[in-house]
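Chemist: Input file: data.txt. Contents: compact mmCIF, C-alpha atoms.
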```txt
# COMPACT_ATOMS: atom_id res chain seq x y z
CA MET I 5 122.09 83.72 97.96
CA ASN I 6 122.57 87.09 96.29
CA PRO I 7 119.81 89.64 96.96
CA THR I 8 117.42 90.58 94.19
CA ILE I 9 117.33 94.17 95.45
CA LYS I 10 120.12 95.87 97.37
CA VAL I 11 119.87 99.42 98.66
CA ASP I 12 122.89 101.13 100.29
CA HIS I 13 122.82 104.52 102.04
CA LEU I 14 120.02 105.84 99.84
CA TRP I 15 118.98 109.48 100.15
CA LYS I 16 116.31 111.49 98.42
CA VAL I 17 116.33 115.18 99.29
CA PHE I 18 113.91 117.65 97.74
CA GLY I 19 114.83 121.32 97.58
CA LEU I 20 117.62 123.66 96.49
CA LYS I 21 121.07 122.07 96.23
CA PRO I 22 119.96 118.74 97.73
CA GLU I 23 123.42 117.19 97.30
CA ARG I 24 124.72 119.28 100.22
CA VAL I 25 122.64 117.28 102.72
CA PRO I 26 123.69 113.57 102.56
CA GLY I 27 126.74 112.69 104.63
CA THR I 28 127.08 116.15 106.19
CA GLU I 29 126.07 117.83 109.43
CA LEU I 30 122.89 118.94 107.68
CA GLY I 31 121.94 115.32 107.09
CA ARG I 32 121.94 114.68 110.83
CA LEU I 33 119.40 117.41 111.58
CA PRO I 34 115.81 116.45 112.39
CA ARG I 35 113.55 116.82 109.38
CA ALA I 36 111.79 119.97 110.64
CA GLU I 37 115.06 121.70 111.52
CA LEU I 38 116.61 120.80 108.17
CA ARG I 39 113.67 122.30 106.37
CA ALA I 40 113.78 125.45 108.50
CA ARG I 41 117.50 125.98 107.89
CA THR I 42 117.79 124.98 104.23
CA GLY I 43 114.32 124.67 102.73
CA CYS I 44 115.18 121.06 101.89
CA VAL I 45 113.09 118.02 102.81
CA ALA I 46 114.87 114.69 103.31
CA ALA I 47 112.19 112.24 102.19
CA VAL I 48 114.54 109.24 102.38
CA ARG I 49 117.46 109.41 104.79
CA ASP I 50 120.41 107.03 104.58
CA VAL I 51 118.31 103.90 104.01
CA SER I 52 119.91 100.47 103.50
CA PHE I 53 118.29 97.06 103.10
CA GLU I 54 118.28 93.91 100.96
CA VAL I 55 115.43 91.89 99.50
CA ALA I 56 116.00 88.20 98.90
CA PRO I 57 114.77 86.37 95.79
CA GLY I 58 111.13 85.39 96.20
CA GLU I 59 110.70 87.46 99.37
CA VAL I 60 107.69 89.63 100.19
CA PHE I 61 109.30 92.76 101.65
CA VAL I 62 106.83 95.25 103.09
CA VAL I 63 107.69 98.91 103.69
CA MET I 64 105.30 100.40 106.24
CA GLY I 65 104.89 103.87 107.65
CA LEU I 66 102.47 106.72 108.18
CA SER I 67 101.76 109.35 105.54
CA GLY I 68 104.90 111.39 104.92
CA SER I 69 107.27 108.70 106.19
CA GLY I 70 109.00 108.40 102.78
CA LYS I 71 107.83 104.92 101.84
CA SER I 72 106.34 105.81 98.43
CA THR I 73 109.35 107.97 97.56
CA LEU I 74 111.58 105.04 98.47
CA VAL I 75 109.86 102.55 96.17
CA ARG I 76 109.93 105.04 93.28
CA CYS I 77 113.66 105.50 93.76
CA LEU I 78 114.21 101.78 93.13
CA THR I 79 113.55 102.20 89.40
CA ARG I 80 114.39 105.92 89.26
CA LEU I 81 110.84 107.09 88.73
CA ILE I 82 112.23 109.52 91.28
CA GLU I 83 115.97 110.14 90.98
CA PRO I 84 117.83 109.44 94.23
CA THR I 85 120.07 112.20 95.57
CA SER I 86 122.81 109.79 96.64
CA GLY I 87 123.40 106.15 97.52
CA ASP I 88 123.24 102.91 95.56
CA VAL I 89 120.43 100.72 94.23
CA SER I 90 121.04 97.43 92.47
CA ILE I 91 118.59 94.93 91.03
CA ASP I 92 119.90 91.44 90.27
CA GLY I 93 123.41 92.81 90.83
CA GLU I 94 123.07 95.60 88.25
CA ASP I 95 123.58 99.21 89.35
CA VAL I 96 120.31 101.03 88.63
CA ARG I 97 121.75 104.51 89.17
CA THR I 98 124.31 104.14 86.37
CA MET I 99 121.87 102.70 83.83
CA SER I 100 121.51 104.55 80.53
CA PRO I 101 117.99 105.74 79.62
CA LYS I 102 117.67 102.80 77.22
CA ARG I 103 118.74 100.25 79.85
CA LEU I 104 116.41 101.83 82.37
CA ARG I 105 113.47 101.48 79.98
CA GLU I 106 114.37 97.82 79.50
CA LEU I 107 114.41 97.34 83.28
CA ARG I 108 110.95 98.83 83.64
CA ARG I 109 109.51 96.94 80.67
CA HIS I 110 110.95 93.49 81.32
CA ARG I 111 112.28 92.96 84.84
CA VAL I 112 110.31 95.20 87.21
CA ALA I 113 106.60 96.05 87.20
CA MET I 114 104.65 98.44 89.42
CA VAL I 115 101.09 98.27 90.72
CA PHE I 116 99.76 101.61 91.97
CA GLN I 117 96.84 102.69 94.13
CA HIS I 118 95.24 104.29 91.08
CA PHE I 119 94.72 101.61 88.49
CA GLY I 120 95.64 103.71 85.46
CA LEU I 121 93.63 101.52 83.09
CA LEU I 122 92.99 102.67 79.53
CA PRO I 123 89.22 103.35 79.47
CA HIS I 124 88.84 102.99 75.71
CA ARG I 125 90.43 99.53 75.61
CA PRO I 126 88.91 96.22 76.69
CA VAL I 127 90.42 94.27 79.57
CA VAL I 128 92.47 91.98 77.34
CA ASP I 129 94.23 94.95 75.72
CA ASN I 130 94.79 96.66 79.05
CA VAL I 131 96.48 93.52 80.36
CA ALA I 132 98.49 93.08 77.18
CA TYR I 133 99.61 96.71 77.02
CA GLY I 134 103.11 96.09 78.40
CA LEU I 135 103.63 93.31 75.86
CA GLU I 136 102.43 95.63 73.10
CA ILE I 137 105.07 98.16 74.16
CA GLN I 138 107.64 95.37 73.94
CA GLY I 139 106.60 94.69 70.34
CA VAL I 140 104.95 91.31 70.96
CA GLY I 141 102.47 90.30 68.25
CA LYS I 142 98.74 90.59 68.92
CA ALA I 143 97.93 86.88 68.96
CA LYS I 144 100.77 86.06 71.34
CA ARG I 145 100.09 88.94 73.72
CA HIS I 146 96.37 88.12 73.84
CA GLU I 147 97.23 84.52 74.62
CA ARG I 148 99.45 85.64 77.50
CA ALA I 149 96.78 88.10 78.70
CA ALA I 150 94.22 85.30 78.80
CA GLU I 151 96.62 83.21 80.92
CA VAL I 152 97.15 85.88 83.56
CA LEU I 153 93.47 86.86 83.60
CA GLU I 154 92.69 83.27 84.50
CA LEU I 155 95.42 83.41 87.15
CA VAL I 156 93.78 86.42 88.85
CA GLY I 157 90.25 85.05 88.48
CA LEU I 158 89.05 87.27 85.63
CA ASP I 159 88.74 84.79 82.80
CA GLY I 160 85.58 85.54 80.85
CA HIS I 161 86.02 89.30 81.25
CA GLU I 162 88.46 89.80 78.38
CA GLN I 163 86.12 91.99 76.32
CA HIS I 164 84.72 94.07 79.16
CA TYR I 165 85.76 97.70 79.51
CA PRO I 166 87.18 99.08 82.78
CA ASP I 167 84.04 101.08 83.63
CA GLN I 168 82.05 97.84 83.53
CA LEU I 169 84.10 96.39 86.40
CA SER I 170 84.05 96.91 90.15
CA GLY I 171 86.99 98.54 91.92
CA GLY I 172 88.33 95.20 93.08
CA MET I 173 88.08 93.75 89.58
CA GLN I 174 89.85 96.79 88.13
CA GLN I 175 92.67 96.27 90.60
CA ARG I 176 92.89 92.64 89.47
CA VAL I 177 93.27 93.91 85.91
CA GLY I 178 96.12 96.13 87.09
CA LEU I 179 97.72 93.14 88.80
CA ALA I 180 97.29 91.02 85.69
CA ARG I 181 98.88 93.74 83.57
CA ALA I 182 101.90 93.75 85.87
CA LEU I 183 102.19 89.96 85.71
CA ALA I 184 101.76 89.73 81.94
CA THR I 185 105.35 90.71 81.16
CA ASP I 186 106.62 88.06 83.61
CA PRO I 187 108.81 90.47 85.62
CA ALA I 188 111.21 89.21 88.26
CA VAL I 189 110.15 91.95 90.68
CA LEU I 190 106.76 93.47 91.49
CA LEU I 191 106.55 96.82 93.29
CA PHE I 192 103.21 97.61 94.95
CA ASP I 193 102.59 101.19 96.08
CA GLU I 194 99.58 101.07 98.43
CA PRO I 195 97.55 99.30 95.73
CA PHE I 196 94.52 98.45 97.88
CA SER I 197 94.16 101.52 100.09
CA ALA I 198 91.26 102.93 98.03
CA LEU I 199 89.28 99.70 98.15
CA ASP I 200 86.49 98.78 100.55
CA PRO I 201 87.69 96.68 103.53
CA LEU I 202 86.14 93.41 102.35
CA ILE I 203 87.50 93.82 98.82
CA ARG I 204 90.85 94.80 100.29
CA ARG I 205 91.05 91.57 102.28
CA ASP I 206 90.16 89.62 99.16
CA MET I 207 92.97 91.33 97.26
CA GLN I 208 95.46 90.64 100.05
CA ALA I 209 94.49 86.98 99.90
CA GLU I 210 94.90 87.15 96.13
CA VAL I 211 98.44 88.50 96.47
CA ARG I 212 99.32 85.72 98.93
CA ARG I 213 97.91 83.11 96.58
CA LEU I 214 99.66 84.52 93.52
CA HIS I 215 102.94 84.76 95.38
CA ALA I 216 102.64 81.10 96.36
CA GLU I 217 101.97 80.18 92.73
CA VAL I 218 104.39 82.39 90.80
CA GLY I 219 107.05 83.14 93.43
CA LYS I 220 107.96 86.69 92.37
CA THR I 221 110.00 89.04 94.53
CA LEU I 222 107.57 91.59 95.97
CA VAL I 223 108.12 94.99 97.54
CA PHE I 224 104.83 96.14 99.04
CA ILE I 225 104.18 99.66 100.37
CA THR I 226 101.43 100.18 102.94
CA HIS I 227 100.42 102.33 105.91
CA ASP I 228 98.27 99.50 107.29
CA LEU I 229 99.88 97.34 109.96
CA SER I 230 97.46 94.45 109.59
CA GLU I 231 98.17 94.37 105.86
CA ALA I 232 101.91 94.42 106.54
CA LEU I 233 101.68 91.59 109.06
CA SER I 234 99.44 89.58 106.73
CA LEU I 235 101.67 89.86 103.66
CA GLY I 236 105.26 90.44 104.73
CA ASP I 237 108.04 87.91 105.14
CA ARG I 238 109.90 90.93 106.53
CA ILE I 239 108.69 94.43 107.30
CA ALA I 240 110.62 97.70 107.19
CA VAL I 241 109.16 100.47 109.36
CA MET I 242 109.84 104.05 108.22
CA ARG I 243 109.46 107.33 110.11
CA ASP I 244 110.33 110.78 108.74
CA GLY I 245 112.47 109.25 106.00
CA ASP I 246 114.44 107.00 108.36
CA LEU I 247 114.36 103.22 108.43
CA VAL I 248 113.53 102.49 112.06
CA GLN I 249 113.46 98.68 112.05
CA VAL I 250 113.56 95.78 109.61
CA GLY I 251 112.40 92.37 110.76
CA THR I 252 109.91 89.56 110.49
CA PRO I 253 106.39 90.19 111.80
CA GLU I 254 107.34 88.17 114.86
CA GLU I 255 110.45 90.27 115.46
CA LEU I 256 108.51 93.54 115.21
CA VAL I 257 105.83 92.38 117.62
CA GLY I 258 108.17 90.56 119.98
CA GLU I 259 111.17 92.89 119.86
CA PRO I 260 110.18 96.42 118.77
CA ALA I 261 113.27 98.56 118.21
CA ASP I 262 111.88 101.66 119.93
CA ASP I 263 108.75 103.26 121.33
CA TYR I 264 107.58 104.25 117.84
CA VAL I 265 107.48 100.63 116.66
CA ALA I 266 106.11 99.49 120.02
CA ASP I 267 103.19 101.92 119.60
CA PHE I 268 102.55 100.59 116.11
CA VAL I 269 102.26 96.98 117.28
CA ARG I 270 100.71 97.59 120.70
CA GLU I 271 97.23 96.42 119.71
CA VAL I 272 98.39 93.38 117.75
CA PRO I 273 97.27 90.12 119.42
CA ARG I 274 100.65 88.63 120.28
CA ALA I 275 99.37 85.06 120.12
CA ASP I 276 98.41 85.55 116.47
CA VAL I 277 101.97 86.50 115.47
CA LEU I 278 104.47 85.07 117.95
CA THR I 279 105.59 81.46 117.74
CA LEU I 280 106.30 78.84 120.36
CA ARG I 281 110.03 79.56 120.25
CA ARG I 282 109.22 82.80 122.09
CA ILE I 283 107.60 81.15 125.11
CA VAL I 284 109.38 77.84 125.64
CA ARG I 285 110.88 76.98 128.99
CA PRO I 286 113.58 74.44 129.84
CA LEU I 287 112.54 70.86 130.57
CA GLY I 288 112.69 70.19 134.30
CA ASP I 289 114.71 67.34 135.82
CA GLY I 290 112.80 64.10 135.46
CA GLU I 291 109.90 65.87 133.71
CA GLN I 292 108.05 63.80 131.11
CA THR I 293 106.65 65.20 127.88
CA GLU I 294 103.92 64.24 125.44
CA ASP I 295 104.94 61.81 122.72
CA LYS I 296 104.50 64.15 119.76
CA PRO I 297 106.46 67.45 119.78
CA LEU I 298 105.44 70.75 118.18
CA PRO I 299 107.58 72.70 115.66
CA ALA I 300 109.13 75.87 117.07
CA GLY I 301 107.59 77.90 114.23
CA THR I 302 104.03 77.07 115.28
CA VAL I 303 102.01 80.26 115.94
CA ILE I 304 100.94 80.32 119.59
CA ARG I 305 97.22 80.48 118.85
CA ASP I 306 97.47 77.44 116.60
CA ALA I 307 98.87 75.43 119.51
CA VAL I 308 96.11 76.27 121.99
CA SER I 309 93.94 73.15 121.70
CA ARG I 310 96.91 70.81 121.69
CA VAL I 311 98.69 72.37 124.67
CA LEU I 312 95.62 72.93 126.85
CA GLY I 313 94.40 69.40 126.13
CA ALA I 314 97.70 67.78 127.09
CA SER I 315 98.33 66.22 130.48
CA ARG I 316 102.08 66.84 130.26
CA PRO I 317 104.31 69.53 128.74
CA ILE I 318 104.91 69.32 124.99
CA ALA I 319 108.43 69.41 123.58
CA VAL I 320 109.15 72.16 121.05
CA VAL I 321 111.60 71.26 118.31
CA ASP I 322 113.60 73.25 115.79
CA GLY I 323 114.40 70.71 113.11
CA THR I 324 115.72 67.71 115.03
CA SER I 325 116.75 69.72 118.12
CA THR I 326 114.53 70.17 121.16
CA ILE I 327 114.69 73.81 122.28
CA GLY I 328 112.40 73.51 125.31
CA VAL I 329 108.85 72.71 126.35
CA VAL I 330 105.55 74.53 126.49
CA ASP I 331 102.55 74.03 128.77
CA ALA I 332 99.53 76.01 129.94
CA GLY I 333 101.71 78.10 132.22
CA GLN I 334 103.55 79.42 129.18
CA LEU I 335 100.59 79.58 126.85
CA VAL I 336 97.94 81.43 128.86
CA PRO I 337 99.96 84.61 129.54
CA ALA I 338 100.73 84.88 125.81
CA LEU I 339 97.03 84.53 124.98
CA ILE I 340 96.04 87.41 127.26
CA GLY I 341 98.84 89.65 126.03
CA HIS I 342 101.47 89.19 128.74
CA ARG I 343 104.97 87.83 128.48
CA PRO I 344 105.20 84.44 130.23
CA GLN I 345 107.80 84.00 132.92
CA VAL I 346 110.57 81.65 131.82
CA HIS I 347 112.28 79.88 134.71
CA ALA I 348 115.62 78.14 134.37
```
Please render this file's structure as structure tokens.
Modeler:
Amino acid sequence: MNPTIKVDHLWKVFGLKPERVPGTELGRLPRAELRARTGCVAAVRDVSFEVAPGEVFVVMGLSGSGKSTLVRCLTRLIEPTSGDVSIDGEDVRTMSPKRLRELRRHRVAMVFQHFGLLPHRPVVDNVAYGLEIQGVGKAKRHERAAEVLELVGLDGHEQHYPDQLSGGMQQRVGLARALATDPAVLLFDEPFSALDPLIRRDMQAEVRRLHAEVGKTLVFITHDLSEALSLGDRIAVMRDGDLVQVGTPEELVGEPADDYVADFVREVPRADVLTLRRIVRPLGDGEQTEDKPLPAGTVIRDAVSRVLGASRPIAVVDGTSTIGVVDAGQLVPALIGHRPQVHA
């Protein structure tokens, strides 16, 4: 399957003569030393990744890690210094201004932290604004706006103005506006970071629900690990412009690439993320198992009652193949945050 988004050796350097940095000795300097020697800041440093169709790809990092610069480079809201970006196989960096406008209007939509709603227009016209820019007639764009407002749970609010809505509702309007043009790709740049925690969780649940219903390709930027783990099919961790690790939530928690990632995930309850495939042991000679196996992709915590209530080990299967067994001896260490011992 061809990727929806492909990024190869992408650099964004701010400063005087930025093109002298990528691919040279300067590009290998630590960020602070590069700035001291040249005055340049490498916000994105030699980053490569792919995003599959329908995937939720989360880019996570602390403030200043380069994650927001990276997502803006994807549609050239910020011009990359070097490297390649393609969307649906088309080279974004060689697009003419006209083609780039078409990309932003039809195929890719962005949802920002600041809603950017038009205060003098009712909700229906805010949602329909992208369609208006495309030249869609009023009746048709209002019909589409009503559809997506229902999708995000705001039907009945079409004639309200933004200042009559709560922050969470305003963010739903922003999400509806992005969905109205039916883009193939949605780019989220820390859209919920200004919201209260309870509203933020509601909006995360809303994104999961909408993704399940409409199946768009999502790139989601966040500094919040719990948000990344909750939303991401895969997560890319950035530090000082570098891509440190790309993997599933389970891979990041179970196999951190370095101490930086390990520190990020240290407080994550392993049993809430890791699956049974991480803790299985081989079946002993003559050992009997329970009649009904468990799928290897079962999250450890979801298997607790079944495993602890069983009188015999439970087989763990990947498809039709048995990959091992799990019992209390494997489960309990994972629940208290330790790695179980696996004996041959």
Chemist: His146 (chain I): which residues within 8 Å, counting all atoms listed in the file, same-chain residues fewer than 3 positions away excluded, as number ranges by chain?
Modeler: I: 128-129, 132, 142-143, 149-150
Chemist: So, counting all atoms listed in the file, which residue among I:Val336, I:Leu222, I:Ile318, I:Ala266 is closest to Val112 (chain I)?
Modeler: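 Of all the options, I:Leu222 lies closest to Val112 (chain I).
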Chemist: Record the distance separating CA of Asp95 (chain I) and CA of His215 (chain I), expressed in Å with one decimal.
Modeler: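 Separating CA of Asp95 (chain I) from CA of His215 (chain I) is a distance of 25.9 Å.
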Chemist: Give me, as a list in words, all polymer residues having an atom no more than 8 Å from Leu247 (chain I), counting only C-alpha atoms and skipping those fewer than 3 positions away in the same chain.
Modeler: Arg49, Val51, Ser52, Ala240, Val241, Met242, Arg243 and Val250 of chain I
Chemist: Pick from I:Asp92, I:Glu254, I:Glu231, I:Glu162: nearest to Val11 (chain I), with only C-alpha atoms counted?
Modeler: I:Asp92
Chemist: Find the residue from I:Gly258, I:Gly31, I:Gly134, I:Pro337 that sits nearest to Arg148 (chain I); use all atoms listed in the file when measuring.
Modeler: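 Smallest separation from Arg148 (chain I) among the options: I:Gly134.
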Chemist: Can you work out which one of I:Thr324, I:Thr98, I:Gln208, I:Gln334 has the shortest atom-to-atom distance to Ser86 (chain I), counting only C-alpha atoms?
Modeler: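 Among the listed residues, the smallest separation from Ser86 (chain I) belongs to I:Thr98.
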Chemist: Would you compute the distance between CA of Arg238 (chain I) and CA of Glu59 (chain I)? Give it in Å to one decimal.
Modeler: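 A separation of 8.0 Å between them.
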Chemist: One decimal, Å: what's the distance from CA of Glu23 (chain I) over to CA of Pro84 (chain I), could you say?
Modeler: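 According to the coordinates, CA of Glu23 (chain I) and CA of Pro84 (chain I) are separated by 10.0 Å.
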Chemist: Could you tell me which of I:Val127, I:Gly139, I:Trp15, I:Ala188 comes closest to His161 (chain I) if we count only C-alpha atoms?
Modeler: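 Distance minimum relative to His161 (chain I) lands on I:Val127.
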Chemist: Choose the residue, out of I:Phe61, I:Arg41, I:Arg24, I:Leu287, that has the smallest atom-to-atom separation from Asp237 (chain I); count all atoms listed in the file.
Modeler: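 Ranking I:Phe61, I:Arg41, I:Arg24, I:Leu287 by distance to Asp237 (chain I), first place goes to I:Phe61.
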Chemist: Using all atoms listed in the file, determine which residues lie at most 12 Å from Glu259 (chain I), disregarding the query and same-chain residues fewer than 5 positions distant; provide the list as number ranges by chain.
Modeler: I: 249-254, 265-266, 269-270, 274, 278, 282, 343
Chemist: Using all atoms listed in the file, which residues sit within 6 Å of Val55 (chain I) once same-chain residues fewer than 5 positions away are excluded, as an MDAnalysis selection string?
Modeler: chainID I and resid 7:9
Chemist: Using the structure just given, write a file holding N, CA and C atoms for region 203-234 of chain I, as a CSV table (one decimal), in the first residue's frame.
Modeler:
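Generated file (part-v9.csv):
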```
chain,number,residue,atom,x,y,z
I,203,ILE,N,-12.9,18.7,29.0
I,203,ILE,CA,-13.3,19.0,27.6
I,203,ILE,C,-12.3,18.4,26.6
I,204,ARG,N,-11.0,18.4,27.0
I,204,ARG,CA,-9.9,17.9,26.2
I,204,ARG,C,-10.1,16.4,26.0
I,205,ARG,N,-10.5,15.7,27.1
I,205,ARG,CA,-10.7,14.2,27.0
I,205,ARG,C,-11.9,14.0,26.1
I,206,ASP,N,-12.9,14.8,26.2
I,206,ASP,CA,-14.1,14.7,25.3
I,206,ASP,C,-13.7,14.8,23.9
I,207,MET,N,-12.9,15.8,23.6
I,207,MET,CA,-12.5,16.1,22.2
I,207,MET,C,-11.6,14.9,21.7
I,208,GLN,N,-10.8,14.4,22.5
I,208,GLN,CA,-10.0,13.2,22.1
I,208,GLN,C,-10.9,12.0,21.7
I,209,ALA,N,-11.9,11.8,22.6
I,209,ALA,CA,-12.9,10.8,22.3
I,209,ALA,C,-13.6,11.1,21.0
I,210,GLU,N,-13.9,12.3,20.7
I,210,GLU,CA,-14.6,12.7,19.5
I,210,GLU,C,-13.7,12.4,18.3
I,211,VAL,N,-12.4,12.7,18.4
I,211,VAL,CA,-11.5,12.4,17.3
I,211,VAL,C,-11.4,10.9,17.0
I,212,ARG,N,-11.4,10.1,18.1
I,212,ARG,CA,-11.4,8.7,17.9
I,212,ARG,C,-12.6,8.2,17.2
I,213,ARG,N,-13.8,8.8,17.6
I,213,ARG,CA,-15.1,8.4,17.1
I,213,ARG,C,-15.1,8.8,15.6
I,214,LEU,N,-14.8,10.0,15.3
I,214,LEU,CA,-14.8,10.5,13.9
I,214,LEU,C,-13.9,9.7,13.0
I,215,HIS,N,-12.7,9.4,13.5
I,215,HIS,CA,-11.8,8.6,12.7
I,215,HIS,C,-12.4,7.2,12.4
I,216,ALA,N,-13.0,6.6,13.4
I,216,ALA,CA,-13.7,5.3,13.1
I,216,ALA,C,-14.8,5.4,12.1
I,217,GLU,N,-15.5,6.6,12.1
I,217,GLU,CA,-16.6,6.7,11.1
I,217,GLU,C,-16.2,7.2,9.8
I,218,VAL,N,-15.2,8.1,9.7
I,218,VAL,CA,-14.9,8.7,8.3
I,218,VAL,C,-13.6,8.2,7.8
I,219,GLY,N,-12.7,7.6,8.6
I,219,GLY,CA,-11.5,7.0,8.2
I,219,GLY,C,-10.4,7.9,7.5
I,220,LYS,N,-10.3,9.1,7.9
I,220,LYS,CA,-9.3,10.0,7.2
I,220,LYS,C,-7.9,9.6,7.7
I,221,THR,N,-6.9,10.1,7.0
I,221,THR,CA,-5.6,10.0,7.4
I,221,THR,C,-5.3,11.2,8.3
I,222,LEU,N,-4.8,11.0,9.5
I,222,LEU,CA,-4.6,12.1,10.5
I,222,LEU,C,-3.1,12.2,10.9
I,223,VAL,N,-2.6,13.4,10.9
I,223,VAL,CA,-1.4,13.7,11.5
I,223,VAL,C,-1.7,14.6,12.7
I,224,PHE,N,-1.3,14.2,13.9
I,224,PHE,CA,-1.7,14.9,15.1
I,224,PHE,C,-0.5,15.3,15.9
I,225,ILE,N,-0.4,16.6,16.2
I,225,ILE,CA,0.8,17.2,16.9
I,225,ILE,C,0.4,17.4,18.4
I,226,THR,N,1.2,16.9,19.3
I,226,THR,CA,0.9,17.1,20.7
I,226,THR,C,2.2,17.1,21.5
I,227,HIS,N,2.1,17.7,22.7
I,227,HIS,CA,3.2,17.6,23.7
I,227,HIS,C,2.8,16.7,24.8
I,228,ASP,N,1.6,16.1,24.7
I,228,ASP,CA,1.0,15.4,25.8
I,228,ASP,C,1.1,13.9,25.5
I,229,LEU,N,1.8,13.1,26.4
I,229,LEU,CA,2.0,11.7,26.1
I,229,LEU,C,0.8,10.9,26.2
I,230,SER,N,-0.1,11.2,27.2
I,230,SER,CA,-1.3,10.5,27.3
I,230,SER,C,-2.2,10.7,26.1
I,231,GLU,N,-2.2,11.9,25.5
I,231,GLU,CA,-3.0,12.1,24.3
I,231,GLU,C,-2.4,11.4,23.2
I,232,ALA,N,-1.1,11.3,23.1
I,232,ALA,CA,-0.4,10.6,22.0
I,232,ALA,C,-0.8,9.1,22.1
I,233,LEU,N,-0.7,8.5,23.3
I,233,LEU,CA,-0.9,7.1,23.5
I,233,LEU,C,-2.4,6.8,23.2
I,234,SER,N,-3.3,7.7,23.5
I,234,SER,CA,-4.7,7.5,23.4
I,234,SER,C,-5.1,7.5,21.9
```
